[in-house]
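Here's the structure we're looking at; comments come further down.
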Amino acid sequence: MITAIIQARTWSTRLPNKIFAKIKGKPLIWHIVDRINKSKYIQEIVVATTTNTNDNEIEKWCKENNT
């Protein structure tokens with residue numbers, strides 16, 4: 001099984017919340033996951049984040065979007 005691991009965090013100093021920046025009305029994380037889902041080689045996607053409470057929004061988004 002081939003797994004894609006996406007590293008995501010919200011507390012960047014240069015561009016905070018970049019992972020949720022809107023591109024054509026959808027957050028960046030959505031575009032990344034959508035693109036990976038189109039691969040015929042990848043069977044599983046894992047979004048890796050930190051234990052920082054600021055990143056709880058990433059976990060929430062993943063649960064809401066079945067990622």
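If you're wondering about the labels, chains in the structure tokens are A, B, ... by order shown, residues count from 1 in each chain, ligands from 1 in order shown.
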
*Give me every helix (DSSP H, G or I) residue in chain A, going by DSSP on the backbone, as JSON, numbers by chain.*
{"A": [18, 19, 20, 28, 29, 30, 31, 32, 33, 34, 35, 36, 37, 53, 54, 55, 56, 57, 58, 59, 60, 61, 62, 63, 64]}

May I have the residues from that selection written out with N, CA, C and O atoms, as a CSV table (one decimal), in the first residue's frame?
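For reference, again_20.csv as written:
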```
chain,number,residue,atom,x,y,z
A,18,LYS,N,-1.7,29.3,6.5
A,18,LYS,CA,-1.6,29.1,5.1
A,18,LYS,C,-2.4,27.9,4.6
A,18,LYS,O,-2.9,27.9,3.5
A,19,ILE,N,-2.4,26.8,5.4
A,19,ILE,CA,-3.1,25.6,5.0
A,19,ILE,C,-4.6,25.9,4.7
A,19,ILE,O,-5.2,25.1,4.0
A,20,PHE,N,-5.1,26.9,5.3
A,20,PHE,CA,-6.5,27.3,5.1
A,20,PHE,C,-6.7,28.5,4.2
A,20,PHE,O,-7.9,29.0,4.1
A,28,LEU,N,-6.4,25.6,0.9
A,28,LEU,CA,-5.3,24.9,0.3
A,28,LEU,C,-5.2,23.5,0.6
A,28,LEU,O,-5.0,22.6,-0.2
A,29,ILE,N,-5.5,23.1,1.9
A,29,ILE,CA,-5.5,21.7,2.3
A,29,ILE,C,-6.5,20.9,1.4
A,29,ILE,O,-6.2,19.7,1.0
A,30,TRP,N,-7.6,21.4,1.0
A,30,TRP,CA,-8.6,20.7,0.2
A,30,TRP,C,-8.0,20.4,-1.2
A,30,TRP,O,-8.1,19.3,-1.7
A,31,HIS,N,-7.3,21.4,-1.8
A,31,HIS,CA,-6.7,21.2,-3.1
A,31,HIS,C,-5.6,20.2,-3.0
A,31,HIS,O,-5.5,19.4,-4.0
A,32,ILE,N,-4.8,20.1,-2.0
A,32,ILE,CA,-3.7,19.1,-1.8
A,32,ILE,C,-4.4,17.7,-1.8
A,32,ILE,O,-4.0,16.8,-2.5
A,33,VAL,N,-5.3,17.6,-0.9
A,33,VAL,CA,-6.0,16.3,-0.7
A,33,VAL,C,-6.7,15.8,-2.0
A,33,VAL,O,-6.6,14.7,-2.4
A,34,ASP,N,-7.4,16.8,-2.6
A,34,ASP,CA,-8.1,16.5,-3.9
A,34,ASP,C,-7.1,16.0,-5.0
A,34,ASP,O,-7.4,15.0,-5.7
A,35,ARG,N,-6.0,16.6,-5.1
A,35,ARG,CA,-5.0,16.3,-6.1
A,35,ARG,C,-4.4,14.9,-5.8
A,35,ARG,O,-4.3,14.1,-6.7
A,36,ILE,N,-4.2,14.6,-4.6
A,36,ILE,CA,-3.6,13.3,-4.2
A,36,ILE,C,-4.6,12.2,-4.4
A,36,ILE,O,-4.3,11.1,-4.9
A,37,ASN,N,-5.9,12.5,-4.2
A,37,ASN,CA,-7.0,11.5,-4.4
A,37,ASN,C,-7.1,11.1,-5.8
A,37,ASN,O,-7.6,10.0,-6.1
A,53,THR,N,-2.2,23.2,20.2
A,53,THR,CA,-3.6,23.4,20.1
A,53,THR,C,-4.1,24.3,18.9
A,53,THR,O,-5.2,24.2,18.5
A,54,ASN,N,-3.2,25.1,18.4
A,54,ASN,CA,-3.5,25.9,17.2
A,54,ASN,C,-3.8,25.0,16.0
A,54,ASN,O,-4.6,25.4,15.1
A,55,ASP,N,-3.3,23.8,16.0
A,55,ASP,CA,-3.5,22.9,14.9
A,55,ASP,C,-4.7,22.0,15.1
A,55,ASP,O,-5.0,21.1,14.2
A,56,ASN,N,-5.5,22.2,16.1
A,56,ASN,CA,-6.7,21.4,16.3
A,56,ASN,C,-7.7,21.6,15.1
A,56,ASN,O,-8.5,20.8,14.8
A,57,GLU,N,-7.6,22.8,14.5
A,57,GLU,CA,-8.5,23.1,13.4
A,57,GLU,C,-8.2,22.2,12.2
A,57,GLU,O,-9.1,21.8,11.4
A,58,ILE,N,-6.9,21.8,12.0
A,58,ILE,CA,-6.6,20.9,11.0
A,58,ILE,C,-7.2,19.5,11.2
A,58,ILE,O,-7.8,18.9,10.3
A,59,GLU,N,-7.1,19.0,12.4
A,59,GLU,CA,-7.8,17.8,12.8
A,59,GLU,C,-9.3,17.8,12.6
A,59,GLU,O,-9.9,16.9,12.0
A,60,LYS,N,-9.9,18.9,13.0
A,60,LYS,CA,-11.3,19.1,12.8
A,60,LYS,C,-11.7,19.1,11.3
A,60,LYS,O,-12.6,18.4,10.9
A,61,TRP,N,-10.9,19.8,10.5
A,61,TRP,CA,-11.2,19.8,9.1
A,61,TRP,C,-11.1,18.4,8.5
A,61,TRP,O,-11.9,18.0,7.7
A,62,CYS,N,-10.1,17.7,8.9
A,62,CYS,CA,-9.8,16.3,8.4
A,62,CYS,C,-11.0,15.4,8.7
A,62,CYS,O,-11.5,14.6,7.9
A,63,LYS,N,-11.5,15.5,9.9
A,63,LYS,CA,-12.6,14.7,10.3
A,63,LYS,C,-13.9,15.1,9.5
A,63,LYS,O,-14.6,14.2,9.1
A,64,GLU,N,-14.1,16.3,9.4
A,64,GLU,CA,-15.3,16.8,8.6
A,64,GLU,C,-15.2,16.4,7.1
A,64,GLU,O,-16.3,16.3,6.5
```

Considering only C-alpha atoms, return as a PDB file with C-alpha atoms, in the first residue's frame whatever protein or nucleic-acid residues lie within 7 Å of segment 1-13 of chain A, sequence-local ones (same chain, fewer than 3 positions apart) excluded.
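Once written, part-v3.pdb looks like this:
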```
ATOM      1  CA  PRO A  16      -0.114  32.031   9.458  1.00  0.00           C
ATOM      2  CA  ASN A  17      -2.995  29.678   8.577  1.00  0.00           C
ATOM      3  CA  LYS A  18      -1.556  29.085   5.094  1.00  0.00           C
ATOM      4  CA  ILE A  19      -3.109  25.612   4.996  1.00  0.00           C
ATOM      5  CA  TYR A  41      -1.014   4.825  -7.086  1.00  0.00           C
ATOM      6  CA  ILE A  42      -1.851   6.261  -3.662  1.00  0.00           C
ATOM      7  CA  GLN A  43      -4.314   4.292  -1.554  1.00  0.00           C
ATOM      8  CA  GLU A  44      -4.156   6.244   1.708  1.00  0.00           C
ATOM      9  CA  ILE A  45      -3.674   9.866   2.746  1.00  0.00           C
ATOM     10  CA  VAL A  46      -2.390  10.851   6.179  1.00  0.00           C
ATOM     11  CA  VAL A  47      -2.370  14.456   7.353  1.00  0.00           C
ATOM     12  CA  ALA A  48       0.403  14.852   9.924  1.00  0.00           C
ATOM     13  CA  THR A  49       0.252  17.840  12.241  1.00  0.00           C
ATOM     14  CA  THR A  50       1.527  18.925  15.642  1.00  0.00           C
ATOM     15  CA  ASN A  54      -3.525  25.888  17.209  1.00  0.00           C
ATOM     16  CA  ASP A  55      -3.503  22.865  14.906  1.00  0.00           C
TER      17      ASP A  55
END
```

*asked:* Please extract the residues of chain A with a backbone DSSP assignment of strand (DSSP E) and present them as a ChimeraX atom specification.
replied: /A:3-7,22-23,26-27,44-48

Can those selected residues be exported to a file as a tab-separated table (two decimals), in the first residue's frame so that it contains N, CA and C atoms?
```tsv
chain	number	residue	atom	x	y	z
A	3	THR	N	1.14	5.21	0.78
A	3	THR	CA	0.51	6.23	1.60
A	3	THR	C	1.16	7.58	1.34
A	4	ALA	N	0.35	8.60	1.17
A	4	ALA	CA	0.85	9.97	1.05
A	4	ALA	C	0.71	10.64	2.41
A	5	ILE	N	1.77	11.30	2.85
A	5	ILE	CA	1.74	12.01	4.13
A	5	ILE	C	1.86	13.50	3.84
A	6	ILE	N	0.86	14.24	4.31
A	6	ILE	CA	0.84	15.70	4.14
A	6	ILE	C	1.19	16.32	5.49
A	7	GLN	N	2.25	17.10	5.54
A	7	GLN	CA	2.60	17.80	6.77
A	7	GLN	C	1.87	19.14	6.78
A	22	LYS	N	-7.57	30.51	1.09
A	22	LYS	CA	-8.55	30.19	0.04
A	22	LYS	C	-7.94	30.32	-1.35
A	23	ILE	N	-8.15	29.30	-2.15
A	23	ILE	CA	-7.78	29.29	-3.56
A	23	ILE	C	-9.02	28.86	-4.31
A	26	LYS	N	-11.77	27.43	-2.05
A	26	LYS	CA	-11.50	26.23	-1.24
A	26	LYS	C	-10.17	26.41	-0.52
A	27	PRO	N	-10.05	25.83	0.70
A	27	PRO	CA	-8.78	25.96	1.42
A	27	PRO	C	-7.66	25.16	0.74
A	44	GLU	N	-3.84	5.67	0.40
A	44	GLU	CA	-4.16	6.24	1.71
A	44	GLU	C	-3.50	7.61	1.83
A	45	ILE	N	-4.21	8.53	2.48
A	45	ILE	CA	-3.67	9.87	2.75
A	45	ILE	C	-3.67	10.08	4.25
A	46	VAL	N	-2.53	10.53	4.76
A	46	VAL	CA	-2.39	10.85	6.18
A	46	VAL	C	-2.00	12.32	6.28
A	47	VAL	N	-2.73	13.06	7.10
A	47	VAL	CA	-2.37	14.46	7.35
A	47	VAL	C	-1.68	14.48	8.71
A	48	ALA	N	-0.39	14.80	8.70
A	48	ALA	CA	0.40	14.85	9.92
A	48	ALA	C	0.48	16.29	10.40
```
